[in-house]
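Scroll down for the structure; my scribbles are underneath it.
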Amino acid sequence: MGKKLRKKKKKNRNKKQKQHKEINAISKQIENLVLEEKNDDFISRLRDDILCLILSLVPFRCAVQTSLLSTRWRYVWRKAIEFQGTVEDVPRVITLLLDPFDKLSSDPKIRFHFRQGSILATIKDKEELHLNFCIGEQVTFSLFDWSVELNPQISICELASCIKVLHLKSVNKMTREIVSSVISKLQFLESLKISECKGLQSLFIEAGSRFQSLIILDCLQLNEIYVFAYNLQKLVLQGQLPWFWLKYSPHLENAILDFRNGPGYNPFACENLLSLLLAVKNVKTLTISGWLFKVPISKWLSSAGAIWERKDFLFNNLKELCWIDSSMEDQSIATLISILKICPSLEKLFINVDPTNYCSPSKGESSSWKEYSNRVANTTILDHLNVVKVKGSLDQDDIILLAERLVEVASVEVIHVK
């Protein structure tokens, strides 16, 4: 019995020794292969910044495919910030940038070059996306219309982005559809800023309940804007006065109507102007170009008749007014006083005088607003007004004249901010 046990133990020992030798042999072979790979694949041993530079010189799709080469290459392309490709690749580039599982960078950015130009895409604080297009000088711009649907419903199989703020700069006819495809993935968007879009002549925006802020700056060919946004709280328009139509937005609190470049369409339509003023009459904070109230308004217009006869056009909720004008001469001051009389709750008044701003060709203030304010004003004294600050191109005589005229509606000191 003991003899059999000894034989069995010896047999097991020999078997283990054989297995150990085989394992050692396999390990040696793997080490030789790794060593051979290291000796041959000198590119993989380069620093990440050098590899990223190399990837910036190849087409975008090839750069992405390098992630399949080895573990070493798996995430290298994600660290690169410069790529090349075609304009059709742009949506895919931005989609990859929006990847919520990418933890390699807190504020990722990509500059993508295509034949007609480039785009710089940047994410800030994980919720803010900036898309800045730069189109080559050889590309001639074309006029285009743009329809944008915000807060689209995303199907369960799709991964919605957590982006809440979107900044768009220099979108043109060629890149319009590309941007629209990106917007279709932004279900939780709350704020949209559009600036310097050359060729954009009309804009149609339909937004869901999450959308709250719309900013449009210096789109010089833009002459028509239609907005459907029930929960809109902030509206900023800067540049030319467009034909603007805002569907019922009862939550609007802050409006900036800086039409320093004058009207964007010809002939001028007073109906559109009155419609715009009616849309912002319930705001709490308003920045507005004074020339809008110097335009002569015919009382036979339907909207004008509604205002003059119903006598309910008052800025009842307005707490802060910033008045933009090209001068503070007697006629400009008279127009301002007329509007102050229909702002019974006003607390702060800021006046910005800039001679480069558009000046209405009409002579003097609009008698319509002067007559209307004198007729409907509930009080001639603004009891709540406690701050009046003026800045810009004014001489001492203008300041004195303004202070004398303001006494008509308020007992407050005028502060000149230089």
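Each chain of the structure tokens is named A, B, ... in the order shown, its residues numbered from 1; ligands are numbered from 1 in display order.
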Which neighbours of segment 349-354 of chain A fall inside 10 Å, counting only C-alpha atoms, when residues of the same chain fewer than 3 positions from it are skipped, and could you give them as a ChimeraX atom specification? /A:260,286-287,289-290,319-328,336,340,346,357-358,385-394,414-417
All residues 9 Å or closer to Ser411 of chain A, only C-alpha atoms, same chain fewer than 4 positions away omitted, as a ChimeraX atom specification: /A:381-383,385-386,406-407
Writer output for current selection, N, CA, C and O atoms, as a PDB file, in the first residue's frame:
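Output file out.pdb is given in full below:
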```
ATOM      1  N   ILE A 381     -45.347 111.563 -10.942  1.00  0.00           N
ATOM      2  CA  ILE A 381     -44.124 111.411 -10.168  1.00  0.00           C
ATOM      3  C   ILE A 381     -43.805 109.932 -10.000  1.00  0.00           C
ATOM      4  O   ILE A 381     -44.671 109.142  -9.583  1.00  0.00           O
ATOM      5  N   LEU A 382     -42.566 109.548 -10.319  1.00  0.00           N
ATOM      6  CA  LEU A 382     -42.121 108.161 -10.127  1.00  0.00           C
ATOM      7  C   LEU A 382     -41.539 108.038  -8.722  1.00  0.00           C
ATOM      8  O   LEU A 382     -40.362 108.287  -8.492  1.00  0.00           O
ATOM      9  N   ASP A 383     -42.369 107.623  -7.785  1.00  0.00           N
ATOM     10  CA  ASP A 383     -41.973 107.585  -6.380  1.00  0.00           C
ATOM     11  C   ASP A 383     -40.872 106.572  -6.102  1.00  0.00           C
ATOM     12  O   ASP A 383     -40.115 106.726  -5.145  1.00  0.00           O
ATOM     13  N   LEU A 385     -38.393 105.631  -8.206  1.00  0.00           N
ATOM     14  CA  LEU A 385     -37.136 105.861  -8.927  1.00  0.00           C
ATOM     15  C   LEU A 385     -36.096 106.476  -7.993  1.00  0.00           C
ATOM     16  O   LEU A 385     -36.278 107.580  -7.471  1.00  0.00           O
ATOM     17  N   ASN A 386     -34.994 105.747  -7.783  1.00  0.00           N
ATOM     18  CA  ASN A 386     -33.968 106.229  -6.852  1.00  0.00           C
ATOM     19  C   ASN A 386     -32.565 106.238  -7.452  1.00  0.00           C
ATOM     20  O   ASN A 386     -31.625 106.683  -6.800  1.00  0.00           O
ATOM     21  N   LEU A 406     -35.981 115.847 -15.866  1.00  0.00           N
ATOM     22  CA  LEU A 406     -36.344 114.700 -15.034  1.00  0.00           C
ATOM     23  C   LEU A 406     -37.124 115.107 -13.796  1.00  0.00           C
ATOM     24  O   LEU A 406     -37.859 114.305 -13.212  1.00  0.00           O
ATOM     25  N   VAL A 407     -36.991 116.364 -13.406  1.00  0.00           N
ATOM     26  CA  VAL A 407     -37.745 116.857 -12.249  1.00  0.00           C
ATOM     27  C   VAL A 407     -39.246 116.723 -12.489  1.00  0.00           C
ATOM     28  O   VAL A 407     -40.033 116.607 -11.544  1.00  0.00           O
TER      29      VAL A 407
END
```
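Distance check against Thr122 of chain A using only C-alpha atoms: of A:Ser191, A:Ser213, A:Thr140, A:Thr95, the minimum falls on A:Thr95.
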The distance between atom CA of Phe141 of chain A and atom CA of Val179 of chain A is 16.8 Å
From a backbone DSSP assignment, name each residue in segment 285-414 of chain A labelled alpha helix (DSSP H), as a PDB file with N, CA, C and O atoms, in the first residue's frame.
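Output contents, as saved in result_22.pdb:
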```pdb
ATOM      1  N   SER A 302     -54.264  99.003 -36.891  1.00  0.00           N
ATOM      2  CA  SER A 302     -55.098  98.236 -35.957  1.00  0.00           C
ATOM      3  C   SER A 302     -54.465  98.126 -34.574  1.00  0.00           C
ATOM      4  O   SER A 302     -55.120  98.307 -33.551  1.00  0.00           O
ATOM      5  N   SER A 303     -53.157  97.809 -34.529  1.00  0.00           N
ATOM      6  CA  SER A 303     -52.489  97.674 -33.235  1.00  0.00           C
ATOM      7  C   SER A 303     -52.382  99.024 -32.534  1.00  0.00           C
ATOM      8  O   SER A 303     -52.510  99.114 -31.309  1.00  0.00           O
ATOM      9  N   ALA A 304     -52.157 100.100 -33.298  1.00  0.00           N
ATOM     10  CA  ALA A 304     -52.089 101.439 -32.704  1.00  0.00           C
ATOM     11  C   ALA A 304     -53.443 101.817 -32.120  1.00  0.00           C
ATOM     12  O   ALA A 304     -53.534 102.360 -31.007  1.00  0.00           O
ATOM     13  N   GLY A 305     -54.494 101.514 -32.867  1.00  0.00           N
ATOM     14  CA  GLY A 305     -55.832 101.795 -32.360  1.00  0.00           C
ATOM     15  C   GLY A 305     -56.123 101.063 -31.072  1.00  0.00           C
ATOM     16  O   GLY A 305     -56.732 101.608 -30.144  1.00  0.00           O
ATOM     17  N   ALA A 306     -55.655  99.804 -30.994  1.00  0.00           N
ATOM     18  CA  ALA A 306     -55.867  99.021 -29.780  1.00  0.00           C
ATOM     19  C   ALA A 306     -55.155  99.645 -28.589  1.00  0.00           C
ATOM     20  O   ALA A 306     -55.678  99.700 -27.480  1.00  0.00           O
ATOM     21  N   ILE A 307     -53.950 100.153 -28.825  1.00  0.00           N
ATOM     22  CA  ILE A 307     -53.175 100.782 -27.754  1.00  0.00           C
ATOM     23  C   ILE A 307     -53.806 102.111 -27.346  1.00  0.00           C
ATOM     24  O   ILE A 307     -54.053 102.376 -26.163  1.00  0.00           O
ATOM     25  N   TRP A 308     -54.102 102.969 -28.320  1.00  0.00           N
ATOM     26  CA  TRP A 308     -54.593 104.304 -27.988  1.00  0.00           C
ATOM     27  C   TRP A 308     -55.982 104.256 -27.359  1.00  0.00           C
ATOM     28  O   TRP A 308     -56.265 105.025 -26.419  1.00  0.00           O
ATOM     29  N   GLU A 309     -56.847 103.363 -27.837  1.00  0.00           N
ATOM     30  CA  GLU A 309     -58.216 103.336 -27.344  1.00  0.00           C
ATOM     31  C   GLU A 309     -58.357 102.579 -26.023  1.00  0.00           C
ATOM     32  O   GLU A 309     -59.057 103.021 -25.115  1.00  0.00           O
ATOM     33  N   ARG A 310     -57.676 101.433 -25.910  1.00  0.00           N
ATOM     34  CA  ARG A 310     -57.812 100.637 -24.686  1.00  0.00           C
ATOM     35  C   ARG A 310     -57.048 101.249 -23.524  1.00  0.00           C
ATOM     36  O   ARG A 310     -57.373 101.017 -22.369  1.00  0.00           O
ATOM     37  N   ASP A 330     -32.757 118.115 -26.535  1.00  0.00           N
ATOM     38  CA  ASP A 330     -34.082 118.377 -25.976  1.00  0.00           C
ATOM     39  C   ASP A 330     -35.138 117.413 -26.505  1.00  0.00           C
ATOM     40  O   ASP A 330     -35.959 116.883 -25.753  1.00  0.00           O
ATOM     41  N   GLN A 331     -35.121 117.131 -27.809  1.00  0.00           N
ATOM     42  CA  GLN A 331     -36.141 116.267 -28.402  1.00  0.00           C
ATOM     43  C   GLN A 331     -35.998 114.817 -27.911  1.00  0.00           C
ATOM     44  O   GLN A 331     -36.993 114.134 -27.661  1.00  0.00           O
ATOM     45  N   SER A 332     -34.749 114.354 -27.760  1.00  0.00           N
ATOM     46  CA  SER A 332     -34.525 112.994 -27.248  1.00  0.00           C
ATOM     47  C   SER A 332     -34.966 112.881 -25.799  1.00  0.00           C
ATOM     48  O   SER A 332     -35.543 111.860 -25.386  1.00  0.00           O
ATOM     49  N   ILE A 333     -34.708 113.907 -25.016  1.00  0.00           N
ATOM     50  CA  ILE A 333     -35.115 113.898 -23.600  1.00  0.00           C
ATOM     51  C   ILE A 333     -36.634 113.889 -23.488  1.00  0.00           C
ATOM     52  O   ILE A 333     -37.205 113.187 -22.647  1.00  0.00           O
ATOM     53  N   ALA A 334     -37.311 114.658 -24.362  1.00  0.00           N
ATOM     54  CA  ALA A 334     -38.773 114.698 -24.339  1.00  0.00           C
ATOM     55  C   ALA A 334     -39.369 113.325 -24.613  1.00  0.00           C
ATOM     56  O   ALA A 334     -40.359 112.913 -23.982  1.00  0.00           O
ATOM     57  N   THR A 335     -38.771 112.600 -25.549  1.00  0.00           N
ATOM     58  CA  THR A 335     -39.240 111.235 -25.836  1.00  0.00           C
ATOM     59  C   THR A 335     -39.044 110.336 -24.625  1.00  0.00           C
ATOM     60  O   THR A 335     -39.937 109.556 -24.260  1.00  0.00           O
ATOM     61  N   LEU A 336     -37.888 110.424 -23.983  1.00  0.00           N
ATOM     62  CA  LEU A 336     -37.608 109.617 -22.791  1.00  0.00           C
ATOM     63  C   LEU A 336     -38.612 109.920 -21.684  1.00  0.00           C
ATOM     64  O   LEU A 336     -39.142 108.995 -21.045  1.00  0.00           O
ATOM     65  N   ILE A 337     -38.907 111.196 -21.429  1.00  0.00           N
ATOM     66  CA  ILE A 337     -39.858 111.576 -20.379  1.00  0.00           C
ATOM     67  C   ILE A 337     -41.240 110.984 -20.668  1.00  0.00           C
ATOM     68  O   ILE A 337     -41.929 110.500 -19.759  1.00  0.00           O
ATOM     69  N   SER A 338     -41.631 110.979 -21.949  1.00  0.00           N
ATOM     70  CA  SER A 338     -42.931 110.412 -22.331  1.00  0.00           C
ATOM     71  C   SER A 338     -43.030 108.944 -21.938  1.00  0.00           C
ATOM     72  O   SER A 338     -44.069 108.488 -21.448  1.00  0.00           O
ATOM     73  N   ILE A 339     -41.946 108.194 -22.146  1.00  0.00           N
ATOM     74  CA  ILE A 339     -41.956 106.767 -21.835  1.00  0.00           C
ATOM     75  C   ILE A 339     -41.859 106.534 -20.320  1.00  0.00           C
ATOM     76  O   ILE A 339     -42.499 105.622 -19.782  1.00  0.00           O
ATOM     77  N   LEU A 340     -41.102 107.369 -19.636  1.00  0.00           N
ATOM     78  CA  LEU A 340     -41.001 107.221 -18.176  1.00  0.00           C
ATOM     79  C   LEU A 340     -42.361 107.358 -17.502  1.00  0.00           C
ATOM     80  O   LEU A 340     -42.631 106.726 -16.477  1.00  0.00           O
ATOM     81  N   SER A 367     -45.173 112.450 -31.497  1.00  0.00           N
ATOM     82  CA  SER A 367     -46.267 113.080 -30.752  1.00  0.00           C
ATOM     83  C   SER A 367     -47.263 112.047 -30.254  1.00  0.00           C
ATOM     84  O   SER A 367     -47.957 112.269 -29.258  1.00  0.00           O
ATOM     85  N   SER A 368     -47.320 110.893 -30.924  1.00  0.00           N
ATOM     86  CA  SER A 368     -48.256 109.845 -30.527  1.00  0.00           C
ATOM     87  C   SER A 368     -47.954 109.366 -29.108  1.00  0.00           C
ATOM     88  O   SER A 368     -48.856 109.272 -28.267  1.00  0.00           O
ATOM     89  N   TRP A 369     -46.694 109.070 -28.817  1.00  0.00           N
ATOM     90  CA  TRP A 369     -46.334 108.592 -27.488  1.00  0.00           C
ATOM     91  C   TRP A 369     -46.476 109.700 -26.454  1.00  0.00           C
ATOM     92  O   TRP A 369     -46.858 109.449 -25.301  1.00  0.00           O
ATOM     93  N   LYS A 370     -46.170 110.923 -26.829  1.00  0.00           N
ATOM     94  CA  LYS A 370     -46.308 112.035 -25.886  1.00  0.00           C
ATOM     95  C   LYS A 370     -47.772 112.233 -25.498  1.00  0.00           C
ATOM     96  O   LYS A 370     -48.113 112.368 -24.308  1.00  0.00           O
ATOM     97  N   GLU A 371     -48.654 112.227 -26.492  1.00  0.00           N
ATOM     98  CA  GLU A 371     -50.082 112.383 -26.219  1.00  0.00           C
ATOM     99  C   GLU A 371     -50.605 111.205 -25.400  1.00  0.00           C
ATOM    100  O   GLU A 371     -51.395 111.393 -24.463  1.00  0.00           O
ATOM    101  N   TYR A 372     -50.166 110.005 -25.775  1.00  0.00           N
ATOM    102  CA  TYR A 372     -50.661 108.812 -25.083  1.00  0.00           C
ATOM    103  C   TYR A 372     -50.232 108.799 -23.625  1.00  0.00           C
ATOM    104  O   TYR A 372     -51.046 108.557 -22.725  1.00  0.00           O
ATOM    105  N   SER A 373     -48.962 109.078 -23.351  1.00  0.00           N
ATOM    106  CA  SER A 373     -48.471 109.034 -21.972  1.00  0.00           C
ATOM    107  C   SER A 373     -49.127 110.104 -21.114  1.00  0.00           C
ATOM    108  O   SER A 373     -49.429 109.872 -19.931  1.00  0.00           O
ATOM    109  N   ASN A 374     -49.374 111.277 -21.681  1.00  0.00           N
ATOM    110  CA  ASN A 374     -50.033 112.339 -20.920  1.00  0.00           C
ATOM    111  C   ASN A 374     -51.464 111.967 -20.574  1.00  0.00           C
ATOM    112  O   ASN A 374     -52.009 112.385 -19.547  1.00  0.00           O
ATOM    113  N   ARG A 375     -52.080 111.140 -21.424  1.00  0.00           N
ATOM    114  CA  ARG A 375     -53.475 110.796 -21.240  1.00  0.00           C
ATOM    115  C   ARG A 375     -53.680 109.633 -20.272  1.00  0.00           C
ATOM    116  O   ARG A 375     -54.652 109.609 -19.514  1.00  0.00           O
ATOM    117  N   VAL A 376     -52.757 108.647 -20.256  1.00  0.00           N
ATOM    118  CA  VAL A 376     -52.990 107.428 -19.478  1.00  0.00           C
ATOM    119  C   VAL A 376     -52.170 107.355 -18.201  1.00  0.00           C
ATOM    120  O   VAL A 376     -52.442 106.497 -17.357  1.00  0.00           O
ATOM    121  N   GLN A 396     -21.662 119.097 -20.423  1.00  0.00           N
ATOM    122  CA  GLN A 396     -22.268 119.540 -19.173  1.00  0.00           C
ATOM    123  C   GLN A 396     -23.649 120.136 -19.398  1.00  0.00           C
ATOM    124  O   GLN A 396     -24.560 119.955 -18.568  1.00  0.00           O
ATOM    125  N   ASP A 397     -23.853 120.812 -20.518  1.00  0.00           N
ATOM    126  CA  ASP A 397     -25.168 121.401 -20.795  1.00  0.00           C
ATOM    127  C   ASP A 397     -26.232 120.314 -20.942  1.00  0.00           C
ATOM    128  O   ASP A 397     -27.384 120.496 -20.514  1.00  0.00           O
ATOM    129  N   ASP A 398     -25.844 119.192 -21.593  1.00  0.00           N
ATOM    130  CA  ASP A 398     -26.792 118.075 -21.749  1.00  0.00           C
ATOM    131  C   ASP A 398     -27.187 117.506 -20.385  1.00  0.00           C
ATOM    132  O   ASP A 398     -28.359 117.168 -20.153  1.00  0.00           O
ATOM    133  N   ILE A 399     -26.210 117.381 -19.479  1.00  0.00           N
ATOM    134  CA  ILE A 399     -26.483 116.836 -18.149  1.00  0.00           C
ATOM    135  C   ILE A 399     -27.436 117.755 -17.386  1.00  0.00           C
ATOM    136  O   ILE A 399     -28.398 117.298 -16.753  1.00  0.00           O
ATOM    137  N   ILE A 400     -27.204 119.052 -17.478  1.00  0.00           N
ATOM    138  CA  ILE A 400     -28.053 120.020 -16.778  1.00  0.00           C
ATOM    139  C   ILE A 400     -29.477 119.983 -17.328  1.00  0.00           C
ATOM    140  O   ILE A 400     -30.470 119.969 -16.578  1.00  0.00           O
ATOM    141  N   LEU A 401     -29.583 119.936 -18.671  1.00  0.00           N
ATOM    142  CA  LEU A 401     -30.904 119.886 -19.309  1.00  0.00           C
ATOM    143  C   LEU A 401     -31.656 118.619 -18.910  1.00  0.00           C
ATOM    144  O   LEU A 401     -32.864 118.673 -18.601  1.00  0.00           O
ATOM    145  N   LEU A 402     -30.965 117.495 -18.902  1.00  0.00           N
ATOM    146  CA  LEU A 402     -31.587 116.233 -18.520  1.00  0.00           C
ATOM    147  C   LEU A 402     -32.086 116.291 -17.080  1.00  0.00           C
ATOM    148  O   LEU A 402     -33.215 115.859 -16.787  1.00  0.00           O
ATOM    149  N   ALA A 403     -31.268 116.815 -16.175  1.00  0.00           N
ATOM    150  CA  ALA A 403     -31.654 116.902 -14.765  1.00  0.00           C
ATOM    151  C   ALA A 403     -32.884 117.793 -14.594  1.00  0.00           C
ATOM    152  O   ALA A 403     -33.790 117.479 -13.802  1.00  0.00           O
ATOM    153  N   GLU A 404     -32.941 118.892 -15.332  1.00  0.00           N
ATOM    154  CA  GLU A 404     -34.082 119.797 -15.234  1.00  0.00           C
ATOM    155  C   GLU A 404     -35.366 119.140 -15.717  1.00  0.00           C
ATOM    156  O   GLU A 404     -36.428 119.314 -15.121  1.00  0.00           O
ATOM    157  N   ARG A 405     -35.266 118.373 -16.795  1.00  0.00           N
ATOM    158  CA  ARG A 405     -36.467 117.723 -17.338  1.00  0.00           C
ATOM    159  C   ARG A 405     -36.916 116.540 -16.497  1.00  0.00           C
ATOM    160  O   ARG A 405     -38.115 116.264 -16.412  1.00  0.00           O
ATOM    161  N   LEU A 406     -35.981 115.847 -15.866  1.00  0.00           N
ATOM    162  CA  LEU A 406     -36.344 114.700 -15.034  1.00  0.00           C
ATOM    163  C   LEU A 406     -37.124 115.107 -13.796  1.00  0.00           C
ATOM    164  O   LEU A 406     -37.859 114.305 -13.212  1.00  0.00           O
TER     165      LEU A 406
END
```
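Counting from atom CA of Pro344 of chain A, the distance to atom CA of Asn316 of chain A is 6.0 Å.
Every protein, DNA or RNA residue with an atom at most 10 Å from Arg176 of chain A, where only C-alpha atoms count and chain neighbours fewer than 2 positions away do not, is listed here: A:Phe144, A:Asp145, A:Trp146, A:Ser147, A:Val148, A:Ser170, A:Val171, A:Asn172, A:Lys173, A:Met174, A:Ile178, A:Val179, A:Ser180, A:Ser181, A:Cys197, A:Leu200.
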